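Undergrad: I have a structure I would like to understand better, so I am pasting it below and will then ask my questions one at a time.
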Amino acid sequence: MDVDMEGIIQCIKQGDEDGVQMQLQQFNKEYAQCFFFDADERERRRQRKLEEFRKNKVRDFADSDSDIDDFEQEDRGLILRQNLAVVIVRFMRSGVKRSLLRVSLHSLRILTRDKKILGHLVTDGTLLTLAKLAGLTTNDASEEGNDPDSDFYDNIMASLAEAKLLQGCTEEDGGEGEALDPTEEFPAVDEDSRSVNSGGDLDSNSWFGSHRTSINEMHRGSIHQKALERGRRDRRESKMEGEGEVEEEEQGEDGVRKEAMKVLCNVVYNSTWAQERFSALRLLSGLIECLSSSVSWSSPSSVQFYELRLMFLITALRPELSIQLKQEGGVPILTAALESCLEVQWKEQYECVLEPAAPPISLEASQRIVEILKILFNITYSTHKQEPSEDDATLYRHLVAILRLCLMRKCLLPEDTDELHGHTVNLLTALPLQCLNVLLTVPLEPESKQSLGVNMDCVHMLLTFMERRLEAGDRVKEKLTPILNLLTESCRAHRETRLYIRKHILPPLRDVSHRPEDGDTVKSRLVRLMTHLDTDLKHCAADLLFVLCKENVRRFVKYTGYGNAAGLLATRGLLGGQRAVSDAQYSSDSDSDTEEYRQMKDRINPVTGRVEAEQSNPMEGMTEEEKEEEAKRLIMLFNKLSKENIIQPMGMDEEGKLVPMAGLEEAKSESENEAESDKDD
């Protein structure tokens, strides 16, 4: 390594603050965009062992000295990083100057990207130290390691010397094996708080003041790590690369708080033990207070984004903290933060001012908005089917009015706009359905989309968003399920919405020469999803089309074909063609057929939903005896397939659901016997 981590530890031991700062700055510059990876090296070693096993055909190969070989190949850099992280935390508690404190936190942030160093680092004292530097608590966390311990640094240096000696022995025995290709690309990592390393947390007991741990104990169960590989910088900060390093710009209180928040994000994300202790130490209350106080600021500092990121991580990973945040007023606090980010101006109680010439949402504001939406989803996802109280309904309607603004606004970058709209849709699916009518109560403007006199601008945006997601075709279930559910529920609840969406998705049927699933229209894409392998996704797509047909089986089959519709009809027991039982109140308007459809109606194959080419009669030219013989042969073949359980004849019961014919006949005979018994009585 170009950076001498052992030299950094020596400088800290000697108390040379200028030397420490210079070396830590070099470390930060060298590894600012790097992440720790070991997956490829581990896979290579596994393949080498497997090939050796196959080559030698040694039955007890798994019981050989492979564990010792693994230990001998352990990277000394891992030991250095573990020790450096512990020393930096202890060093920060000694009361260093602010600029050095910020640099130390930056180094610790880089180190905490690695799960494997967290075992000796995640303690209550360390968490409280970081929380205090982040402004989450005022508790003094100096009870660990403040007392003089002359053996502390001696133990650290001795462990490093032992690792160095071990590495030398390994190299003499033949080196450390195949090295990673430094030019090989690794998956991009989004934010410091994401890690690709696998495996559980290490021992979470305090390492401070303990007897020197042997190298074997420190690395038992750890994985070989060959190199730091280049990752992807925080996208928010990479936009400012031309202005110099962001870290160098923030030298004051905010710089320290920001770095401490980043470290906490890494630690909480990578360690289940840290998540548990975050809950036990009640650090969420301090985080709520920080966020609540920063909402009223006219220009929020860059720390607010990391406050929101930490709040999202902890509420996503710890359900009890999600409940606590909601109980402590999380919804109104986050709604106020959302309102501040969007600079909302109110026209009516549930109507925001929407300026057509308003500038796009800035990069920083859009990132904060997305985090707020994700947190709100975490704490409200269970309210969808609940009956809200009057106060809660008012609060949610206020929030929905702001979410309408989120749907109608754009960001600087198209991908940011899509992300913003996606998280807005997710949150709308989590809120009580009766509160979503706010989306439609906006007065009509001259250029507004409308249906029966109701403003459809927001519905049009949702429809456009769904079309973009259909065309994208990647991560289909994750991206499409929320918007399909939202549109289905909206169509079921509001006639105006259903009519508007039906006009765009299911226009009057004219061309019946193609299958319903063929083509690039929205309807064709949705019909294709009805036979998707993922059950949830195909039911969501089918439900939307079914509701657009007012849950009328005949109309549904007309637009989609019986073959595509059979899955939903079978699930709901509607294969017999009876009308669905639904709470929705549909109007009695009829589905008038077009002239083109009426002309071709008798020639349409109901299974495929299109006009098929005329086929010749396969029995043409056969005598009646030959037809009878062919029928008997087919019956015998079907009986044989049925007896061998290759096929199973099915029929419909009284509820319209498919059941085996055998069960159907038994049920029929039982009902006949009961009828005879009643008759005798």
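Identifiers in the structure tokens: chain A, B, ... in order shown; residue index from 1 per chain; ligand index from 1 in order shown.
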Select from segment 287-503 of chain A everything DSSP, run on the backbone, classes as strand (DSSP E), then give the selection as a list in words.

TA: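 After running DSSP on the backbone, segment 287-503 of chain A has strand (DSSP E) at Trp346, Lys347, Glu348, Glu351, Cys352, Gln450, Ser451, Val454 and Asn455 of chain A.
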
Undergrad: Export N, CA and C atoms of the chosen residues as a PDB file, in the first residue's frame?

TA:
ATOM      1  N   TRP A 346     -49.305  27.860  -0.627  1.00  0.00           N
ATOM      2  CA  TRP A 346     -50.654  27.303  -0.610  1.00  0.00           C
ATOM      3  C   TRP A 346     -51.659  28.266  -1.227  1.00  0.00           C
ATOM      4  N   LYS A 347     -52.547  27.701  -2.057  1.00  0.00           N
ATOM      5  CA  LYS A 347     -53.640  28.478  -2.637  1.00  0.00           C
ATOM      6  C   LYS A 347     -54.927  28.240  -1.850  1.00  0.00           C
ATOM      7  N   GLU A 348     -55.232  26.972  -1.580  1.00  0.00           N
ATOM      8  CA  GLU A 348     -56.365  26.561  -0.759  1.00  0.00           C
ATOM      9  C   GLU A 348     -55.846  25.590   0.293  1.00  0.00           C
ATOM     10  N   GLU A 351     -54.562  22.624  -1.729  1.00  0.00           N
ATOM     11  CA  GLU A 351     -54.113  22.936  -3.087  1.00  0.00           C
ATOM     12  C   GLU A 351     -52.855  23.796  -3.049  1.00  0.00           C
ATOM     13  N   CYS A 352     -51.779  23.293  -3.621  1.00  0.00           N
ATOM     14  CA  CYS A 352     -50.517  24.026  -3.695  1.00  0.00           C
ATOM     15  C   CYS A 352     -50.467  24.848  -4.979  1.00  0.00           C
ATOM     16  N   GLN A 450     -59.134  16.598 -18.563  1.00  0.00           N
ATOM     17  CA  GLN A 450     -60.336  16.478 -17.751  1.00  0.00           C
ATOM     18  C   GLN A 450     -61.153  15.265 -18.145  1.00  0.00           C
ATOM     19  N   SER A 451     -62.002  14.852 -17.207  1.00  0.00           N
ATOM     20  CA  SER A 451     -62.947  13.764 -17.425  1.00  0.00           C
ATOM     21  C   SER A 451     -64.196  14.072 -16.621  1.00  0.00           C
ATOM     22  N   VAL A 454     -63.765  16.885 -14.160  1.00  0.00           N
ATOM     23  CA  VAL A 454     -62.809  16.720 -13.061  1.00  0.00           C
ATOM     24  C   VAL A 454     -61.390  16.829 -13.625  1.00  0.00           C
ATOM     25  N   ASN A 455     -60.498  17.519 -12.895  1.00  0.00           N
ATOM     26  CA  ASN A 455     -59.120  17.715 -13.319  1.00  0.00           C
ATOM     27  C   ASN A 455     -58.370  16.384 -13.316  1.00  0.00           C
TER      28      ASN A 455
END

Undergrad: I need the alpha helix (DSSP H) residues of segment 355-453 of chain A per DSSP on the backbone, written as an MDAnalysis selection string.

TA: chainID A and resid 363:380 390:408 414:430

Undergrad: Quick one: pull the distance between atom CA of Asn266 of chain A and atom CA of Val295 of chain A, Å, one decimal.

TA: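 The value is 24.2 Å.
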
Undergrad: Can you measure atom CA of Tyr559 of chain A to atom CA of Met650 of chain A for me? One decimal in Å is fine.

TA: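 We find that atom CA of Tyr559 of chain A and atom CA of Met650 of chain A lie 25.6 Å from each other.
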
Undergrad: Counting only C-alpha atoms, figure out which residue out of A:Thr531, A:Asn139, A:Gln324, A:Thr383 gets nearest to Gly563 of chain A.

TA: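 With only C-alpha atoms as the atom set, the closest residue is A:Thr531.
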
Undergrad: Please provide the set of residues having any atom within 8 Å of Leu484 of chain A, restricted to only C-alpha atoms, with same-chain residues fewer than 4 positions apart removed, written as a short mmCIF file (atom, residue, chain, number, x, y, z; two decimals) with C-alpha atoms, in the first residue's frame.

TA:
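Output (part-v2.cif):
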data_model
loop_
_atom_site.label_atom_id
_atom_site.label_comp_id
_atom_site.auth_asym_id
_atom_site.auth_seq_id
_atom_site.Cartn_x
_atom_site.Cartn_y
_atom_site.Cartn_z
CA MET A 466 -46.76 3.83 -15.95
CA LEU A 480 -44.58 -1.66 -12.02
CA THR A 488 -56.45 0.01 -10.06
CA CYS A 540 -51.78 -6.61 -10.84
CA ALA A 541 -51.89 -6.13 -14.62
CA LEU A 544 -56.24 -3.09 -13.74
#

Undergrad: With distances taken over only C-alpha atoms, which residue among A:Ile379, A:Met619, A:Ala260, A:Val331 lies nearest Asp392 of chain A?

TA: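 Looking at the shortest contact to Asp392 of chain A, the residue is A:Val331.
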